[in-house]
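Reviewing the structure listed below.
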Amino acid sequence: MKKKEVMSCHLGLVLCDCIRVSAERKTAHLKQLENASENLKLFKADILDYDAMAAAIAGCQGVFHVATPVPSGKITDPEREMLGPAVHGTTNVLKAASAAGARRVVVVSSMVAVEIDPNGWPKDKIKDEGCWSDPEACRNNQDWYSVAKISSEQGALEYGKQTGLDVVTVNPALVFGPLLQPTLNTSCQFLVYFLKGGPDRMRNKLWHIVDVRDTADALLLVYETPEASGRHICAPHFISARDLLDLLKSMYTEYPFMSKESICDMDHPAPMTSDKLKKLGWKVRPLKETIADTVEFCQNAGFLEDVEGSPCRFPDIYNKI
């Protein structure tokens, strides 16, 4: 019997996807993927329920743990909304993978586990996989998403060391690109705000960006490459908020755009590097191609149309991280 992979987005493999809800509108786009009828099996599973995760992962030789939703609004209950699912949920996935005898587990972390106020890391030094964000600084800023990502990644790597389970992590940047689902996610909402504008302000942060398709390639690469180990920064492009706005204005003329005056000054520390992934053979699309494909998708999906009485808002999380 062919071994299966769980939570992978690559349909050349037998795919088992764990979903939090069973509503048809949440899963219809998955069932439309190429070869889904033969290669896709959906499980309704609560990530906090070990038995449910063990049932989904049983018989798998590879696990891709990609679940941690990026919140679009303010977090009111950090433990329930972020810390519990991220930290305890990751532990359940790892234990289930161990019980199943999985060959390797790929855990998707984030750039926020690398770049936020790293202790003892000079501001002018390029950030590599040895750089960790300061969880206490994130707690003090009530940046619970980053706390969750730091804690879950550290816990996953430590679990691998203690048990011998082969655990590797990938740290994607801000992810743009065409979506599979019919709803707007928080990352694309970031870009939509630049095009439509609204009442919110933001910092002139140096943003790292990666294409969702290149991210999928990176996940598969670190799973299939025997020498892959530890962390892998997945952040090939970087651009300041003001420069991103200028780039969008040079590519499009039909949108109102956000005001440049609503972007606050901010110092820029040295960027992150994705050289470790690139040395494994990772290739990426140009930034302008990713932006063009994202905007085209948002246009076709109706995400750039005005909704009366509902102004476009900049996701709160991006003024935290």
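Going by the structure tokens order, chains are called A, B, ..., each with residues numbered from 1, while ligands are numbered from 1 in the order shown.
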
With range 50-67 of chain A as the partner and 7 Å as the cut-off, tabulate the residues of range 75-194 of chain A that qualify, each row holding the nearest pair of atoms and their distance in Å to one decimal, using only C-alpha atoms, sorted by chain and rising number, as CSV.
residue,atom,partner,partner_atom,distance
A:Asn92,CA,A:Tyr50,CA,5.2
A:Val93,CA,A:Met53,CA,6.3
A:Ala96,CA,A:Ala54,CA,4.7
A:Ala97,CA,A:Ile57,CA,6.4
A:Ala100,CA,A:Ala58,CA,5.1
A:Gly101,CA,A:Gln61,CA,6.7
A:Ala102,CA,A:Gln61,CA,4.1
A:Arg103,CA,A:Gln61,CA,5.0
A:Arg104,CA,A:Gly62,CA,5.3
A:Val105,CA,A:Val63,CA,4.7
A:Val106,CA,A:Phe64,CA,4.8
A:Val107,CA,A:His65,CA,4.8
A:Val108,CA,A:Val66,CA,5.1

For the selection just defined, write its residues with C-alpha atoms to a file, as a compact mmCIF listing (two decimals), in the first residue's frame.
# COMPACT_ATOMS: atom_id res chain seq x y z
CA ASN A 92 -0.22 16.75 19.34
CA VAL A 93 0.84 16.62 15.69
CA ALA A 96 0.97 11.55 16.47
CA ALA A 97 3.74 11.62 13.86
CA ALA A 100 2.88 6.71 13.17
CA GLY A 101 6.61 6.25 12.53
CA ALA A 102 6.74 9.29 10.21
CA ARG A 103 9.99 9.78 8.32
CA ARG A 104 10.00 13.57 8.62
CA VAL A 105 7.76 16.38 9.90
CA VAL A 106 7.85 19.82 8.26
CA VAL A 107 6.55 22.53 10.60
CA VAL A 108 5.63 25.88 9.09

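Across range 256-299 of chain A, DSSP run on the backbone finds helix (DSSP H, G or I) at Lys260, Glu261, Ser262, Asp275, Lys276, Leu277, Lys278, Lys279, Leu287, Lys288, Glu289, Thr290, Ile291, Ala292, Asp293, Thr294, Val295, Glu296, Phe297, Cys298 and Gln299 of chain A.
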
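You can rank A:Ser152, A:Ser262, A:Thr294, A:Asn39 by their closest distance to Asn204 in chain A using only C-alpha atoms, and at the top of that list sits A:Ser262.
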
**OP:** Between CA of Ser151 in chain A and CA of Leu83 in chain A, measure the distance and give it in Å to one decimal.
**Re:** 8.4 Å

Subject >> Among listed residues A:Leu206, A:Cys298, A:Ile321, A:Ala173, nearest Arg242 in chain A (using only C-alpha atoms) >> reply: A:Leu206

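Closest approach to Phe314 in chain A among A:Leu220, A:Cys131, A:Met258, A:Cys264: A:Met258, based on only C-alpha atoms.
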
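Residue nearest Thr76 in chain A, chosen from A:Gly197, A:Gly164, A:Gln142, A:Val212 and counting only C-alpha atoms: A:Gln142.
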
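CA of Thr186 in chain A to CA of Asn300 in chain A spans 17.7 Å [interatomic distance, one decimal].
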
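Among the candidates A:Ser310, A:Ser240, A:Lys123, A:Tyr159, the one nearest to Thr91 in chain A when counting only C-alpha atoms is A:Tyr159.
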